[in-house]
Amino acid sequence: MKFLTIFSFVFCFLNSYFYGAYITNAKGNVFYKESDKWEKAGENKRIEIKPNTEISTERASSVEVYFDNGSKVKVGPMSYYKFEMENDKEINSSLYIGKIRNWVVLDKNTMSS
């Protein structure tokens with residue numbers, strides 16, 4: 001029982017500290033950069049991304065970014081997008097060039113009637 005209590009505390013703490021943004025469904029030439037090196041995103045792969053990850057797509061390419069709260073962004077062709085941060089209240093990102101389509105999940109606790 002003591003182990004279960006400790007595990008629950010650690011899981012809740014880590015779950016509130018780390019958020020699980022990831023990219024998937026990469027089509028064509030999609031690249032991402034978390035530090036100083038660009039990596040190609042493989043098709044049909046789920047790639048966890050960190051805050052300040054930059055994403056670049058070439059012609060006839062796209063990728064989807066999924067966030068912990070269920071929201072997602074589809075980055076279109078010839079785009080440059082930066083995922084800046086995510087927490088339990090907000091997601092910050094920037095589109096420098098190109099097009100995105102987003103699906104936002106609203107928190108029912110913050111909506112007013």
# chains A, B, ... in the order shown; residues from 1 in each chain; ligands from 1
call {"tool": "residues_around", "arguments": {"residues": "Ser94 (chain A)", "least_positions_apart": "6", "cutoff": "7 Å", "atoms": "only C-alpha atoms", "output": "number ranges by chain"}}
result
A: 81-83
call {"tool": "residues_around", "arguments": {"residues": "region 99-109 of chain A", "least_positions_apart": "5", "cutoff": "6 Å", "atoms": "only C-alpha atoms", "output": "list of chain:residue names"}}
result
A:Ser71, A:Lys72, A:Val73, A:Lys74, A:Val75, A:Gly76
call {"tool": "write_last_selection", "arguments": {"atoms": "N, CA and C atoms", "output": "PDB file, in the first residue's frame"}}
result
ATOM      1  N   SER A  71      -6.013  18.741 -28.032  1.00  0.00           N
ATOM      2  CA  SER A  71      -5.958  19.670 -29.160  1.00  0.00           C
ATOM      3  C   SER A  71      -4.914  19.188 -30.164  1.00  0.00           C
ATOM      4  N   LYS A  72      -5.062  19.631 -31.412  1.00  0.00           N
ATOM      5  CA  LYS A  72      -4.047  19.287 -32.409  1.00  0.00           C
ATOM      6  C   LYS A  72      -3.909  20.394 -33.438  1.00  0.00           C
ATOM      7  N   VAL A  73      -2.772  20.393 -34.111  1.00  0.00           N
ATOM      8  CA  VAL A  73      -2.463  21.340 -35.183  1.00  0.00           C
ATOM      9  C   VAL A  73      -1.943  20.535 -36.355  1.00  0.00           C
ATOM     10  N   LYS A  74      -2.451  20.809 -37.537  1.00  0.00           N
ATOM     11  CA  LYS A  74      -1.895  20.214 -38.748  1.00  0.00           C
ATOM     12  C   LYS A  74      -1.105  21.295 -39.461  1.00  0.00           C
ATOM     13  N   VAL A  75       0.185  21.060 -39.619  1.00  0.00           N
ATOM     14  CA  VAL A  75       1.093  22.007 -40.273  1.00  0.00           C
ATOM     15  C   VAL A  75       1.125  21.642 -41.749  1.00  0.00           C
ATOM     16  N   GLY A  76       0.764  22.603 -42.590  1.00  0.00           N
ATOM     17  CA  GLY A  76       0.665  22.369 -44.028  1.00  0.00           C
ATOM     18  C   GLY A  76       1.993  22.478 -44.748  1.00  0.00           C
TER      19      GLY A  76
END
call {"tool": "residues_around", "arguments": {"residues": "Tyr22 (chain A)", "least_positions_apart": "3", "cutoff": "7 Å", "atoms": "only C-alpha atoms", "output": "list in words"}}
result
Arg46, Ile47, Glu48, Ile49, Val65, Tyr66 and Phe67 of chain A
call {"tool": "residues_around", "arguments": {"residues": "Ser79 (chain A)", "least_positions_apart": "2", "cutoff": "6 Å", "atoms": "only C-alpha atoms", "output": "number ranges by chain"}}
result
A: 56-57, 77, 97-98
call {"tool": "write_last_selection", "arguments": {"atoms": "N, CA and C atoms", "output": "PDB file, in the first residue's frame"}}
result
ATOM      1  N   SER A  56       9.517  22.157 -39.745  1.00  0.00           N
ATOM      2  CA  SER A  56       9.555  22.703 -41.100  1.00  0.00           C
ATOM      3  C   SER A  56       9.022  21.664 -42.079  1.00  0.00           C
ATOM      4  N   THR A  57       8.160  22.091 -42.990  1.00  0.00           N
ATOM      5  CA  THR A  57       7.640  21.196 -44.018  1.00  0.00           C
ATOM      6  C   THR A  57       8.014  21.737 -45.393  1.00  0.00           C
ATOM      7  N   PRO A  77       1.954  22.341 -46.080  1.00  0.00           N
ATOM      8  CA  PRO A  77       3.169  22.408 -46.895  1.00  0.00           C
ATOM      9  C   PRO A  77       3.837  23.781 -46.841  1.00  0.00           C
ATOM     10  N   ILE A  97       5.645  31.049 -41.180  1.00  0.00           N
ATOM     11  CA  ILE A  97       5.275  31.093 -42.593  1.00  0.00           C
ATOM     12  C   ILE A  97       4.488  29.830 -42.914  1.00  0.00           C
ATOM     13  N   GLY A  98       3.552  29.945 -43.844  1.00  0.00           N
ATOM     14  CA  GLY A  98       2.792  28.774 -44.259  1.00  0.00           C
ATOM     15  C   GLY A  98       1.378  28.769 -43.715  1.00  0.00           C
TER      16      GLY A  98
END
call {"tool": "atom_distance", "arguments": {"atom1": "CA of Leu95 (chain A)", "atom2": "CA of Tyr80 (chain A)"}}
result
6.1 Å
call {"tool": "atom_distance", "arguments": {"atom1": "CA of Thr24 (chain A)", "atom2": "CA of Asn52 (chain A)"}}
result
17.2 Å
call {"tool": "atom_distance", "arguments": {"atom1": "CA of Asp88 (chain A)", "atom2": "CA of Glu54 (chain A)"}}
result
21.2 Å
call {"tool": "closest_residue", "arguments": {"among": "A:Met78, A:Pro51, A:Glu58, A:Lys89", "to": "Ala21 (chain A)", "atoms": "only C-alpha atoms"}}
result
A:Pro51
call {"tool": "decode", "arguments": {"residues": "region 50-73 of chain A", "atoms": "N, CA and C atoms", "output": "PDB file, in the first residue's frame"}}
result
ATOM      1  N   LYS A  50       9.727  18.438 -27.414  1.00  0.00           N
ATOM      2  CA  LYS A  50       9.926  19.274 -26.237  1.00  0.00           C
ATOM      3  C   LYS A  50       9.533  20.710 -26.548  1.00  0.00           C
ATOM      4  N   PRO A  51       9.350  21.526 -25.516  1.00  0.00           N
ATOM      5  CA  PRO A  51       9.125  22.954 -25.772  1.00  0.00           C
ATOM      6  C   PRO A  51      10.265  23.547 -26.609  1.00  0.00           C
ATOM      7  N   ASN A  52       9.920  24.509 -27.425  1.00  0.00           N
ATOM      8  CA  ASN A  52      10.829  25.211 -28.342  1.00  0.00           C
ATOM      9  C   ASN A  52      11.279  24.351 -29.521  1.00  0.00           C
ATOM     10  N   THR A  53      10.530  23.305 -29.836  1.00  0.00           N
ATOM     11  CA  THR A  53      10.819  22.499 -31.016  1.00  0.00           C
ATOM     12  C   THR A  53      10.328  23.242 -32.258  1.00  0.00           C
ATOM     13  N   GLU A  54      11.159  23.284 -33.278  1.00  0.00           N
ATOM     14  CA  GLU A  54      10.819  23.919 -34.545  1.00  0.00           C
ATOM     15  C   GLU A  54      10.473  22.836 -35.560  1.00  0.00           C
ATOM     16  N   ILE A  55       9.475  23.096 -36.389  1.00  0.00           N
ATOM     17  CA  ILE A  55       9.022  22.134 -37.384  1.00  0.00           C
ATOM     18  C   ILE A  55       8.978  22.827 -38.741  1.00  0.00           C
ATOM     19  N   SER A  56       9.517  22.157 -39.745  1.00  0.00           N
ATOM     20  CA  SER A  56       9.555  22.703 -41.100  1.00  0.00           C
ATOM     21  C   SER A  56       9.022  21.664 -42.079  1.00  0.00           C
ATOM     22  N   THR A  57       8.160  22.091 -42.990  1.00  0.00           N
ATOM     23  CA  THR A  57       7.640  21.196 -44.018  1.00  0.00           C
ATOM     24  C   THR A  57       8.014  21.737 -45.393  1.00  0.00           C
ATOM     25  N   GLU A  58       8.236  20.822 -46.319  1.00  0.00           N
ATOM     26  CA  GLU A  58       8.541  21.205 -47.689  1.00  0.00           C
ATOM     27  C   GLU A  58       7.284  21.071 -48.555  1.00  0.00           C
ATOM     28  N   ARG A  59       7.457  21.289 -49.844  1.00  0.00           N
ATOM     29  CA  ARG A  59       6.337  21.221 -50.792  1.00  0.00           C
ATOM     30  C   ARG A  59       5.657  19.853 -50.697  1.00  0.00           C
ATOM     31  N   ALA A  60       4.320  19.834 -50.742  1.00  0.00           N
ATOM     32  CA  ALA A  60       3.507  18.612 -50.700  1.00  0.00           C
ATOM     33  C   ALA A  60       3.778  17.788 -49.439  1.00  0.00           C
ATOM     34  N   SER A  61       4.043  18.465 -48.315  1.00  0.00           N
ATOM     35  CA  SER A  61       4.335  17.793 -47.048  1.00  0.00           C
ATOM     36  C   SER A  61       3.451  18.351 -45.947  1.00  0.00           C
ATOM     37  N   SER A  62       3.199  17.542 -44.928  1.00  0.00           N
ATOM     38  CA  SER A  62       2.414  17.995 -43.775  1.00  0.00           C
ATOM     39  C   SER A  62       2.714  17.098 -42.577  1.00  0.00           C
ATOM     40  N   VAL A  63       2.325  17.574 -41.399  1.00  0.00           N
ATOM     41  CA  VAL A  63       2.511  16.806 -40.164  1.00  0.00           C
ATOM     42  C   VAL A  63       1.478  17.288 -39.157  1.00  0.00           C
ATOM     43  N   GLU A  64       1.111  16.409 -38.233  1.00  0.00           N
ATOM     44  CA  GLU A  64       0.166  16.774 -37.178  1.00  0.00           C
ATOM     45  C   GLU A  64       0.886  16.826 -35.846  1.00  0.00           C
ATOM     46  N   VAL A  65       0.551  17.843 -35.047  1.00  0.00           N
ATOM     47  CA  VAL A  65       1.097  18.007 -33.697  1.00  0.00           C
ATOM     48  C   VAL A  65      -0.053  17.796 -32.729  1.00  0.00           C
ATOM     49  N   TYR A  66       0.081  16.833 -31.838  1.00  0.00           N
ATOM     50  CA  TYR A  66      -0.949  16.543 -30.840  1.00  0.00           C
ATOM     51  C   TYR A  66      -0.481  17.015 -29.474  1.00  0.00           C
ATOM     52  N   PHE A  67      -1.413  17.556 -28.701  1.00  0.00           N
ATOM     53  CA  PHE A  67      -1.103  18.075 -27.369  1.00  0.00           C
ATOM     54  C   PHE A  67      -1.806  17.248 -26.301  1.00  0.00           C
ATOM     55  N   ASP A  68      -1.352  17.387 -25.088  1.00  0.00           N
ATOM     56  CA  ASP A  68      -1.822  16.581 -23.968  1.00  0.00           C
ATOM     57  C   ASP A  68      -3.316  16.748 -23.709  1.00  0.00           C
ATOM     58  N   ASN A  69      -3.877  17.907 -23.980  1.00  0.00           N
ATOM     59  CA  ASN A  69      -5.295  18.132 -23.684  1.00  0.00           C
ATOM     60  C   ASN A  69      -6.226  17.665 -24.801  1.00  0.00           C
ATOM     61  N   GLY A  70      -5.672  17.087 -25.868  1.00  0.00           N
ATOM     62  CA  GLY A  70      -6.481  16.600 -26.974  1.00  0.00           C
ATOM     63  C   GLY A  70      -6.529  17.538 -28.171  1.00  0.00           C
ATOM     64  N   SER A  71      -6.013  18.741 -28.032  1.00  0.00           N
ATOM     65  CA  SER A  71      -5.958  19.670 -29.160  1.00  0.00           C
ATOM     66  C   SER A  71      -4.914  19.188 -30.164  1.00  0.00           C
ATOM     67  N   LYS A  72      -5.062  19.631 -31.412  1.00  0.00           N
ATOM     68  CA  LYS A  72      -4.047  19.287 -32.409  1.00  0.00           C
ATOM     69  C   LYS A  72      -3.909  20.394 -33.438  1.00  0.00           C
ATOM     70  N   VAL A  73      -2.772  20.393 -34.111  1.00  0.00           N
ATOM     71  CA  VAL A  73      -2.463  21.340 -35.183  1.00  0.00           C
ATOM     72  C   VAL A  73      -1.943  20.535 -36.355  1.00  0.00           C
TER      73      VAL A  73
END
